[in-house]
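Peer 1: What follows is the file my_file-v2.pdb, containing PDB, C-alpha atoms and all ligand atoms:
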ATOM      1  CA  MET A   1      12.184  -3.750   4.688  1.00  0.00           C
ATOM      2  CA  ILE A   2       9.114  -1.637   3.936  1.00  0.00           C
ATOM      3  CA  VAL A   3       5.910  -3.578   3.342  1.00  0.00           C
ATOM      4  CA  GLY A   4       2.819  -2.304   1.578  1.00  0.00           C
ATOM      5  CA  ALA A   5      -0.733  -3.578   1.166  1.00  0.00           C
ATOM      6  CA  ALA A   6      -2.515  -3.755  -2.175  1.00  0.00           C
ATOM      7  CA  ILE A   7      -6.021  -3.818  -0.710  1.00  0.00           C
ATOM      8  CA  VAL A   8      -8.627  -4.674  -3.323  1.00  0.00           C
ATOM      9  CA  ARG A   9     -12.377  -4.421  -2.890  1.00  0.00           C
ATOM     10  CA  ASP A  10     -14.959  -4.704  -5.658  1.00  0.00           C
ATOM     11  CA  GLY A  11     -12.229  -4.502  -8.291  1.00  0.00           C
ATOM     12  CA  ALA A  12     -10.690  -1.292  -6.932  1.00  0.00           C
ATOM     13  CA  LEU A  13      -7.385  -0.646  -5.175  1.00  0.00           C
ATOM     14  CA  LEU A  14      -7.017   1.473  -2.040  1.00  0.00           C
ATOM     15  CA  ALA A  15      -4.437   4.240  -2.461  1.00  0.00           C
ATOM     16  CA  GLN A  16      -3.527   6.908   0.045  1.00  0.00           C
ATOM     17  CA  GLN A  17      -2.061  10.342  -0.410  1.00  0.00           C
ATOM     18  CA  ARG A  18       0.924  11.295   1.726  1.00  0.00           C
ATOM     19  CA  ALA A  19       0.763  14.420   3.843  1.00  0.00           C
ATOM     20  CA  TYR A  20       4.505  14.491   4.652  1.00  0.00           C
ATOM     21  CA  PRO A  21       7.458  14.898   4.182  1.00  0.00           C
ATOM     22  CA  GLU A  22       7.469  17.943   1.925  1.00  0.00           C
ATOM     23  CA  GLU A  23       8.945  16.114  -1.085  1.00  0.00           C
ATOM     24  CA  ALA A  24       6.383  13.305  -0.899  1.00  0.00           C
ATOM     25  CA  ALA A  25       3.327  15.314   0.181  1.00  0.00           C
ATOM     26  CA  GLY A  26       0.534  15.002  -2.362  1.00  0.00           C
ATOM     27  CA  LEU A  27       1.939  11.814  -3.878  1.00  0.00           C
ATOM     28  CA  TRP A  28       0.107   8.490  -3.609  1.00  0.00           C
ATOM     29  CA  GLU A  29       1.254   5.226  -2.050  1.00  0.00           C
ATOM     30  CA  LEU A  30      -0.073   1.984  -0.654  1.00  0.00           C
ATOM     31  CA  PRO A  31      -0.752   1.577   3.055  1.00  0.00           C
ATOM     32  CA  GLY A  32       2.283   0.166   4.850  1.00  0.00           C
ATOM     33  CA  GLY A  33       5.545   0.986   6.536  1.00  0.00           C
ATOM     34  CA  ARG A  34       8.638  -0.357   8.203  1.00  0.00           C
ATOM     35  CA  VAL A  35       8.802  -3.950   9.418  1.00  0.00           C
ATOM     36  CA  GLU A  36       9.905  -4.023  13.053  1.00  0.00           C
ATOM     37  CA  ALA A  37      12.771  -6.216  14.259  1.00  0.00           C
ATOM     38  CA  GLY A  38      11.617  -9.819  14.530  1.00  0.00           C
ATOM     39  CA  GLU A  39       8.190  -9.038  13.076  1.00  0.00           C
ATOM     40  CA  PRO A  40       6.837 -11.292  10.312  1.00  0.00           C
ATOM     41  CA  GLU A  41       6.175  -9.272   7.148  1.00  0.00           C
ATOM     42  CA  GLU A  42       2.491 -10.225   6.950  1.00  0.00           C
ATOM     43  CA  ALA A  43       2.050  -9.141  10.564  1.00  0.00           C
ATOM     44  CA  ALA A  44       3.627  -5.793   9.720  1.00  0.00           C
ATOM     45  CA  VAL A  45       1.118  -5.348   6.885  1.00  0.00           C
ATOM     46  CA  ARG A  46      -1.773  -6.043   9.266  1.00  0.00           C
ATOM     47  CA  ARG A  47      -0.346  -3.706  11.923  1.00  0.00           C
ATOM     48  CA  GLU A  48       0.224  -0.839   9.495  1.00  0.00           C
ATOM     49  CA  CYS A  49      -3.295  -1.173   8.061  1.00  0.00           C
ATOM     50  CA  ALA A  50      -4.749  -1.089  11.562  1.00  0.00           C
ATOM     51  CA  GLU A  51      -2.646   1.976  12.463  1.00  0.00           C
ATOM     52  CA  GLU A  52      -3.047   3.913   9.223  1.00  0.00           C
ATOM     53  CA  LEU A  53      -6.567   2.980   8.176  1.00  0.00           C
ATOM     54  CA  GLY A  54      -8.245   1.639  11.277  1.00  0.00           C
ATOM     55  CA  VAL A  55      -9.200  -1.613   9.574  1.00  0.00           C
ATOM     56  CA  ALA A  56      -8.332  -5.314   9.811  1.00  0.00           C
ATOM     57  CA  VAL A  57      -6.995  -6.968   6.650  1.00  0.00           C
ATOM     58  CA  GLU A  58      -6.213 -10.475   5.485  1.00  0.00           C
ATOM     59  CA  VAL A  59      -2.870 -10.708   3.743  1.00  0.00           C
ATOM     60  CA  GLY A  60      -2.348 -12.746   0.575  1.00  0.00           C
ATOM     61  CA  GLY A  61       0.566 -13.304  -1.762  1.00  0.00           C
ATOM     62  CA  ARG A  62       3.268 -10.957  -3.029  1.00  0.00           C
ATOM     63  CA  VAL A  63       2.524  -8.454  -5.780  1.00  0.00           C
ATOM     64  CA  GLY A  64       5.313  -7.632  -8.230  1.00  0.00           C
ATOM     65  CA  ALA A  65       9.010  -7.725  -7.482  1.00  0.00           C
ATOM     66  CA  ASP A  66      10.799  -5.999  -4.623  1.00  0.00           C
ATOM     67  CA  VAL A  67      11.470  -2.363  -5.466  1.00  0.00           C
ATOM     68  CA  PRO A  68      14.707  -0.804  -4.188  1.00  0.00           C
ATOM     69  CA  LEU A  69      14.230   2.433  -2.255  1.00  0.00           C
ATOM     70  CA  PRO A  70      16.727   5.212  -1.619  1.00  0.00           C
ATOM     71  CA  GLY A  71      18.935   4.446   1.379  1.00  0.00           C
ATOM     72  CA  GLY A  72      19.170   0.705   0.693  1.00  0.00           C
ATOM     73  CA  LYS A  73      15.654  -0.154   1.828  1.00  0.00           C
ATOM     74  CA  VAL A  74      13.309  -2.361  -0.173  1.00  0.00           C
ATOM     75  CA  LEU A  75       9.567  -2.060  -0.823  1.00  0.00           C
ATOM     76  CA  ARG A  76       7.624  -5.353  -0.860  1.00  0.00           C
ATOM     77  CA  ILE A  77       3.891  -5.390  -1.645  1.00  0.00           C
ATOM     78  CA  PHE A  78       1.347  -7.983  -0.556  1.00  0.00           C
ATOM     79  CA  ALA A  79      -2.191  -8.473  -1.834  1.00  0.00           C
ATOM     80  CA  ALA A  80      -4.752  -7.847   0.883  1.00  0.00           C
ATOM     81  CA  ARG A  81      -8.475  -7.573   1.483  1.00  0.00           C
ATOM     82  CA  LEU A  82     -10.626  -6.138   4.213  1.00  0.00           C
ATOM     83  CA  THR A  83     -11.567  -8.783   6.774  1.00  0.00           C
ATOM     84  CA  ASP A  84     -14.967  -7.104   6.929  1.00  0.00           C
ATOM     85  CA  PRO A  85     -15.814  -5.967   3.385  1.00  0.00           C
ATOM     86  CA  ALA A  86     -18.183  -3.373   4.811  1.00  0.00           C
ATOM     87  CA  ALA A  87     -15.456  -1.748   6.953  1.00  0.00           C
ATOM     88  CA  ARG A  88     -14.688   1.888   6.158  1.00  0.00           C
ATOM     89  CA  PRO A  89     -10.940   2.638   6.047  1.00  0.00           C
ATOM     90  CA  HIS A  90     -10.151   6.210   7.092  1.00  0.00           C
ATOM     91  CA  ALA A  91      -7.089   8.388   6.688  1.00  0.00           C
ATOM     92  CA  VAL A  92      -5.448   8.560  10.116  1.00  0.00           C
ATOM     93  CA  GLU A  93      -2.208  10.217   9.063  1.00  0.00           C
ATOM     94  CA  HIS A  94      -2.720  10.702   5.339  1.00  0.00           C
ATOM     95  CA  ARG A  95      -4.251  13.554   3.388  1.00  0.00           C
ATOM     96  CA  ALA A  96      -6.746  11.412   1.493  1.00  0.00           C
ATOM     97  CA  LEU A  97      -7.796   7.880   0.565  1.00  0.00           C
ATOM     98  CA  ARG A  98      -9.146   6.725  -2.762  1.00  0.00           C
ATOM     99  CA  TRP A  99     -10.448   3.472  -4.210  1.00  0.00           C
ATOM    100  CA  VAL A 100      -9.002   3.401  -7.727  1.00  0.00           C
ATOM    101  CA  GLY A 101     -10.385   1.294 -10.532  1.00  0.00           C
ATOM    102  CA  PRO A 102      -8.212  -0.211 -13.283  1.00  0.00           C
ATOM    103  CA  PRO A 103      -8.513   2.716 -15.716  1.00  0.00           C
ATOM    104  CA  ASP A 104      -7.208   5.177 -13.117  1.00  0.00           C
ATOM    105  CA  VAL A 105      -4.372   3.225 -11.477  1.00  0.00           C
ATOM    106  CA  GLY A 106      -1.854   4.450 -14.039  1.00  0.00           C
ATOM    107  CA  ASP A 107      -3.001   8.058 -13.764  1.00  0.00           C
ATOM    108  CA  LEU A 108      -2.366   8.561 -10.053  1.00  0.00           C
ATOM    109  CA  ASP A 109       0.633  10.625  -9.028  1.00  0.00           C
ATOM    110  CA  TRP A 110       2.427   7.716  -7.291  1.00  0.00           C
ATOM    111  CA  LEU A 111       5.649   7.782  -5.304  1.00  0.00           C
ATOM    112  CA  PRO A 112       8.455   6.722  -7.675  1.00  0.00           C
ATOM    113  CA  ALA A 113       8.752   3.188  -6.258  1.00  0.00           C
ATOM    114  CA  ASP A 114       5.017   2.593  -6.575  1.00  0.00           C
ATOM    115  CA  ARG A 115       4.972   3.890 -10.130  1.00  0.00           C
ATOM    116  CA  VAL A 116       7.224   0.922 -11.026  1.00  0.00           C
ATOM    117  CA  LEU A 117       4.555  -1.427  -9.659  1.00  0.00           C
ATOM    118  CA  VAL A 118       1.619  -0.043 -11.686  1.00  0.00           C
ATOM    119  CA  PRO A 119       1.600  -2.934 -14.228  1.00  0.00           C
ATOM    120  CA  ASP A 120       1.562  -5.441 -11.356  1.00  0.00           C
ATOM    121  CA  LEU A 121      -1.229  -3.560  -9.591  1.00  0.00           C
ATOM    122  CA  GLU A 122      -3.257  -3.448 -12.808  1.00  0.00           C
ATOM    123  CA  LYS A 123      -2.739  -7.189 -13.224  1.00  0.00           C
ATOM    124  CA  LEU A 124      -3.856  -7.791  -9.640  1.00  0.00           C
ATOM    125  CA  LEU A 125      -7.079  -5.916 -10.349  1.00  0.00           C
ATOM    126  CA  ARG A 126      -7.625  -7.885 -13.559  1.00  0.00           C
ATOM    127  CA  ASP A 127      -7.111 -11.204 -11.784  1.00  0.00           C
ATOM    128  CA  THR A 128      -8.836 -12.281  -8.627  1.00  0.00           C
ATOM    129  CA  GLY A 129      -7.812  -9.276  -6.604  1.00  0.00           C
ATOM    130  CA  PHE A 130      -6.395 -11.552  -3.949  1.00  0.00           C
ATOM    131  CA  ALA A 131      -3.348 -13.613  -4.859  1.00  0.00           C
TER     132      ALA A 131
HETATM  133  N1  LIG B   1       4.015   2.864   3.325  1.00  0.00           N
HETATM  134  C1  LIG B   1       4.574   2.993   2.143  1.00  0.00           C
HETATM  135  N2  LIG B   1       5.816   3.529   2.059  1.00  0.00           N
HETATM  136  C2  LIG B   1       6.332   3.659   0.834  1.00  0.00           C
HETATM  137  C3  LIG B   1       5.631   3.279  -0.325  1.00  0.00           C
HETATM  138  N3  LIG B   1       6.405   3.553  -1.404  1.00  0.00           N
HETATM  139  C4  LIG B   1       7.556   4.103  -0.943  1.00  0.00           C
HETATM  140  O1  LIG B   1       8.499   4.489  -1.613  1.00  0.00           O
HETATM  141  N4  LIG B   1       7.519   4.157   0.428  1.00  0.00           N
HETATM  142  C5  LIG B   1       8.587   4.682   1.261  1.00  0.00           C
HETATM  143  C6  LIG B   1       8.278   6.002   1.892  1.00  0.00           C
HETATM  144  C7  LIG B   1       9.079   5.958   3.176  1.00  0.00           C
HETATM  145  O2  LIG B   1      10.428   6.311   2.888  1.00  0.00           O
HETATM  146  C8  LIG B   1       9.074   4.488   3.549  1.00  0.00           C
HETATM  147  C9  LIG B   1       8.030   4.104   4.558  1.00  0.00           C
HETATM  148  O3  LIG B   1       7.543   5.204   5.184  1.00  0.00           O
HETATM  149  P1  LIG B   1       6.328   5.189   6.209  1.00  0.00           P
HETATM  150  O4  LIG B   1       6.221   6.566   6.718  1.00  0.00           O
HETATM  151  O5  LIG B   1       5.124   4.572   5.592  1.00  0.00           O
HETATM  152  O6  LIG B   1       6.864   4.146   7.275  1.00  0.00           O
HETATM  153  P2  LIG B   1       6.795   4.172   8.842  1.00  0.00           P
HETATM  154  O7  LIG B   1       5.436   4.591   9.262  1.00  0.00           O
HETATM  155  O8  LIG B   1       7.279   2.846   9.282  1.00  0.00           O
HETATM  156  O9  LIG B   1       7.916   5.245   9.143  1.00  0.00           O
HETATM  157  P3  LIG B   1       7.848   6.654   9.869  1.00  0.00           P
HETATM  158  O10 LIG B   1       6.635   7.385   9.367  1.00  0.00           O
HETATM  159  O11 LIG B   1       7.808   6.304  11.317  1.00  0.00           O
HETATM  160  O12 LIG B   1       9.133   7.296   9.434  1.00  0.00           O
HETATM  161  O13 LIG B   1       8.834   3.787   2.334  1.00  0.00           O
HETATM  162  C10 LIG B   1       4.334   2.720  -0.213  1.00  0.00           C
HETATM  163  O14 LIG B   1       3.657   2.357  -1.190  1.00  0.00           O
HETATM  164  N5  LIG B   1       3.844   2.605   1.040  1.00  0.00           N
END
The structure given in the file should be rewritten as structure tokens.

Peer 2:
Amino acid sequence: MIVGAAIVRDGALLAQQRAYPEEAAGLWELPGGRVEAGEPEEAAVRRECAEELGVAVEVGGRVGADVPLPGGKVLRIFAARLTDPAARPHAVEHRALRWVGPPDVGDLDWLPADRVLVPDLEKLLRDTGFA
């Protein structure tokens, strides 16, 4: 299971641009990663956000349906928000970070699995931003 965080602040979604591997470099994804054995999914979301962005997040409900990934894995997205709204996420292992507003969510060059989730991400931004 791969979990991802749809972090929303002031009506914008945090996206990050992969630096590796070659075939994914330059494409955009949500913060996240592999759930460790025995680790609750929400805890994995918090851990990955701390590792990748250096920020604490609160984790809300699921966003969209599970998306199958190559190799039999599954991508599951959770709504999230910064515990401290003034915190500044930074790219620890990614090429770039961007806060994307609703008009631009569909225009980003997403990883294929994330592209499937664009309508759900747009809906999240239209709604409360924190399910
Ligand atoms: N984090 C994340 N991974 C995604 C997304 N969409 C998507 O297809 N993936 C894929 C890419 C990778 O094959 C896998 C997770 O990779 P990762 O590099 O973030 O996970 P990780 O830190 O646990 O793994 P690793 O770098 O140690 O190999 O899920 C997404 O939105 N966020």

Peer 1: Please compute the atom P2 of ligand LIG 1 (chain B)-atom CA of Arg98 of chain A distance, one decimal, in Å.

Peer 2: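 About the pair atom P2 of ligand LIG 1 (chain B) and atom CA of Arg98 of chain A: they are 19.9 Å apart.
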
Peer 1: So that I can see what lies close to segment 34-38 of chain A, please list as a ChimeraX atom specification the residues with an atom at most 6 Å from it, counting only C-alpha atoms and leaving out residues fewer than 2 positions away in the same chain.

Peer 2: /A:1-2,44

Peer 1: For this structure, which residues satisfy the selection - the PyMOL selection byres (((not hetatm)) within 7 of (chain B and resi 1)) - when it is evaluated on the file as given? I want them as a list in words.

Peer 2: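 Written out, the selection comes to Ile2, Val3, Gly4, Glu29, Leu30, Pro31, Gly32, Gly33, Arg34, Val35, Leu69, Leu75, Leu111, Pro112, Ala113 and Asp114 of chain A.
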
Peer 1: Next, the residues of the selection above should be written as a PDB file, in the coordinates of the input with C-alpha atoms.

Peer 2:
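For reference, part-v3.pdb as written:
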ATOM      1  CA  ILE A   2       9.114  -1.637   3.936  1.00  0.00           C
ATOM      2  CA  VAL A   3       5.910  -3.578   3.342  1.00  0.00           C
ATOM      3  CA  GLY A   4       2.819  -2.304   1.578  1.00  0.00           C
ATOM      4  CA  GLU A  29       1.254   5.226  -2.050  1.00  0.00           C
ATOM      5  CA  LEU A  30      -0.073   1.984  -0.654  1.00  0.00           C
ATOM      6  CA  PRO A  31      -0.752   1.577   3.055  1.00  0.00           C
ATOM      7  CA  GLY A  32       2.283   0.166   4.850  1.00  0.00           C
ATOM      8  CA  GLY A  33       5.545   0.986   6.536  1.00  0.00           C
ATOM      9  CA  ARG A  34       8.638  -0.357   8.203  1.00  0.00           C
ATOM     10  CA  VAL A  35       8.802  -3.950   9.418  1.00  0.00           C
ATOM     11  CA  LEU A  69      14.230   2.433  -2.255  1.00  0.00           C
ATOM     12  CA  LEU A  75       9.567  -2.060  -0.823  1.00  0.00           C
ATOM     13  CA  LEU A 111       5.649   7.782  -5.304  1.00  0.00           C
ATOM     14  CA  PRO A 112       8.455   6.722  -7.675  1.00  0.00           C
ATOM     15  CA  ALA A 113       8.752   3.188  -6.258  1.00  0.00           C
ATOM     16  CA  ASP A 114       5.017   2.593  -6.575  1.00  0.00           C
TER      17      ASP A 114
END

Peer 1: List every residue of segment 80-100 of chain A that has an atom at most 12 Å from any atom of segment 55-66 of chain A, giving for each one its closest atom pair and the distance in Å to one decimal, counting only C-alpha atoms, sorted by chain and then by ascending residue number, as a tab-separated table.

Peer 2:
residue	atom	partner	partner_atom	distance
A:Ala80	CA	A:Val59	CA	4.5
A:Arg81	CA	A:Val57	CA	5.4
A:Leu82	CA	A:Val57	CA	4.5
A:Thr83	CA	A:Val57	CA	4.9
A:Asp84	CA	A:Ala56	CA	7.5
A:Pro85	CA	A:Val57	CA	9.5
A:Ala86	CA	A:Val55	CA	10.3
A:Ala87	CA	A:Val55	CA	6.8
A:Arg88	CA	A:Val55	CA	7.4
A:Pro89	CA	A:Val55	CA	5.8
A:His90	CA	A:Val55	CA	8.3
A:Ala91	CA	A:Val55	CA	10.6
A:Val92	CA	A:Val55	CA	10.9

Peer 1: I'd like the residues picked by the PyMOL selection byres (((chain A and resi 99) around 10) and not hetatm) written out as an MDAnalysis selection string, using the chain letters and numbers from the file.

Peer 2: chainID A and resid 7:16 97:98 100:101 104:105

Peer 1: Distance atom CA of Leu53 of chain A-atom CA of Tyr20 of chain A, one decimal place?

Peer 2: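 Taking atom CA of Leu53 of chain A as the start and atom CA of Tyr20 of chain A as the end point, the length is 16.4 Å.
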
Peer 1: Nearest to Gly54 of chain A: which of A:Glu93, A:Ala79, A:Val67, A:Thr128 is it, counting all atoms listed in the file?

Peer 2: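 Using all atoms listed in the file, Gly54 of chain A sits closest to A:Glu93.
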
Peer 1: Calculated over only C-alpha atoms, which of the candidates A:Val74, A:Leu121, A:Ala19, A:Cys49 has the smallest distance to Ala6 of chain A?

Peer 2: A:Leu121

Peer 1: Interatomic distance between atom CA of Leu27 of chain A and atom CA of Arg126 of chain A?

Peer 2: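 Taking atom CA of Leu27 of chain A and atom CA of Arg126 of chain A, their separation equals 23.9 Å.
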
Peer 1: Using the file's own x, y and z axes, what box holds all listed atoms of segment 99-117 of chain A with 8 Å on each side, keeping edges along x, y and z, and what are its centre and edge lengths in Å to one decimal, as lines of an AutoDock Vina configuration file?

Peer 2:
center_x = -0.8
center_y = 4.6
center_z = -10.0
size_x = 35.2
size_y = 28.1
size_z = 27.5

Peer 1: Mind telling me what the PyMOL selection byres (((chain A and resi 17) around 6) and not hetatm) catches here, as a list of chain:residue names?

Peer 2: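 With the PyMOL selection byres (((chain A and resi 17) around 6) and not hetatm) on this model, the match is A:Gln16, A:Arg18, A:Gly26, A:Leu27, A:Trp28, A:His94, A:Arg95, A:Ala96.
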
Peer 1: For Asp127 of chain A, which residue among A:Gly72, A:Leu108, A:Pro102, A:Ala5 is the nearest when counting all atoms listed in the file?

Peer 2: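 Answer, going by the shortest atom-to-atom distance: A:Pro102.
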
Peer 1: Tell me which of A:Phe78, A:Leu124, A:Val116, A:Asp109 sits closest to Val45 of chain A, counting all atoms listed in the file.

Peer 2: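 Among A:Phe78, A:Leu124, A:Val116, A:Asp109, it is A:Phe78 that comes nearest to Val45 of chain A.
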
Peer 1: Supply segment 103-118 of chain A as a PDB file, in the coordinates of the input, with N, CA and C atoms built in where the input has gaps.

Peer 2:
ATOM      1  N   PRO A 103      -8.890   1.672 -14.745  1.00  0.00           N
ATOM      2  CA  PRO A 103      -8.513   2.716 -15.716  1.00  0.00           C
ATOM      3  C   PRO A 103      -7.709   3.841 -15.083  1.00  0.00           C
ATOM      4  N   ASP A 104      -7.830   4.017 -13.771  1.00  0.00           N
ATOM      5  CA  ASP A 104      -7.208   5.177 -13.117  1.00  0.00           C
ATOM      6  C   ASP A 104      -5.901   4.864 -12.398  1.00  0.00           C
ATOM      7  N   VAL A 105      -5.566   3.576 -12.266  1.00  0.00           N
ATOM      8  CA  VAL A 105      -4.372   3.225 -11.477  1.00  0.00           C
ATOM      9  C   VAL A 105      -3.123   3.874 -12.067  1.00  0.00           C
ATOM     10  N   GLY A 106      -3.037   3.885 -13.394  1.00  0.00           N
ATOM     11  CA  GLY A 106      -1.854   4.450 -14.039  1.00  0.00           C
ATOM     12  C   GLY A 106      -1.807   5.968 -14.010  1.00  0.00           C
ATOM     13  N   ASP A 107      -2.936   6.593 -13.707  1.00  0.00           N
ATOM     14  CA  ASP A 107      -3.001   8.058 -13.764  1.00  0.00           C
ATOM     15  C   ASP A 107      -2.668   8.729 -12.440  1.00  0.00           C
ATOM     16  N   LEU A 108      -2.659   7.951 -11.352  1.00  0.00           N
ATOM     17  CA  LEU A 108      -2.366   8.561 -10.053  1.00  0.00           C
ATOM     18  C   LEU A 108      -0.922   9.048 -10.010  1.00  0.00           C
ATOM     19  N   ASP A 109      -0.698  10.067  -9.221  1.00  0.00           N
ATOM     20  CA  ASP A 109       0.633  10.625  -9.028  1.00  0.00           C
ATOM     21  C   ASP A 109       1.329   9.822  -7.912  1.00  0.00           C
ATOM     22  N   TRP A 110       1.838   8.638  -8.269  1.00  0.00           N
ATOM     23  CA  TRP A 110       2.427   7.716  -7.291  1.00  0.00           C
ATOM     24  C   TRP A 110       3.814   8.161  -6.849  1.00  0.00           C
ATOM     25  N   LEU A 111       4.229   7.712  -5.674  1.00  0.00           N
ATOM     26  CA  LEU A 111       5.649   7.782  -5.304  1.00  0.00           C
ATOM     27  C   LEU A 111       6.436   7.008  -6.366  1.00  0.00           C
ATOM     28  N   PRO A 112       7.699   7.371  -6.595  1.00  0.00           N
ATOM     29  CA  PRO A 112       8.455   6.722  -7.675  1.00  0.00           C
ATOM     30  C   PRO A 112       8.484   5.197  -7.586  1.00  0.00           C
ATOM     31  N   ALA A 113       8.659   4.649  -6.393  1.00  0.00           N
ATOM     32  CA  ALA A 113       8.752   3.188  -6.258  1.00  0.00           C
ATOM     33  C   ALA A 113       7.425   2.524  -6.627  1.00  0.00           C
ATOM     34  N   ASP A 114       6.333   3.164  -6.295  1.00  0.00           N
ATOM     35  CA  ASP A 114       5.017   2.593  -6.575  1.00  0.00           C
ATOM     36  C   ASP A 114       4.683   2.687  -8.060  1.00  0.00           C
ATOM     37  N   ARG A 115       5.171   3.714  -8.684  1.00  0.00           N
ATOM     38  CA  ARG A 115       4.972   3.890 -10.130  1.00  0.00           C
ATOM     39  C   ARG A 115       5.481   2.652 -10.888  1.00  0.00           C
ATOM     40  N   VAL A 116       6.620   2.115 -10.413  1.00  0.00           N
ATOM     41  CA  VAL A 116       7.224   0.922 -11.026  1.00  0.00           C
ATOM     42  C   VAL A 116       6.255  -0.263 -10.950  1.00  0.00           C
ATOM     43  N   LEU A 117       5.426  -0.275  -9.920  1.00  0.00           N
ATOM     44  CA  LEU A 117       4.555  -1.427  -9.659  1.00  0.00           C
ATOM     45  C   LEU A 117       3.198  -1.335 -10.369  1.00  0.00           C
ATOM     46  N   VAL A 118       2.944  -0.241 -11.080  1.00  0.00           N
ATOM     47  CA  VAL A 118       1.619  -0.043 -11.686  1.00  0.00           C
ATOM     48  C   VAL A 118       1.178  -1.232 -12.552  1.00  0.00           C
TER      49      VAL A 118
END
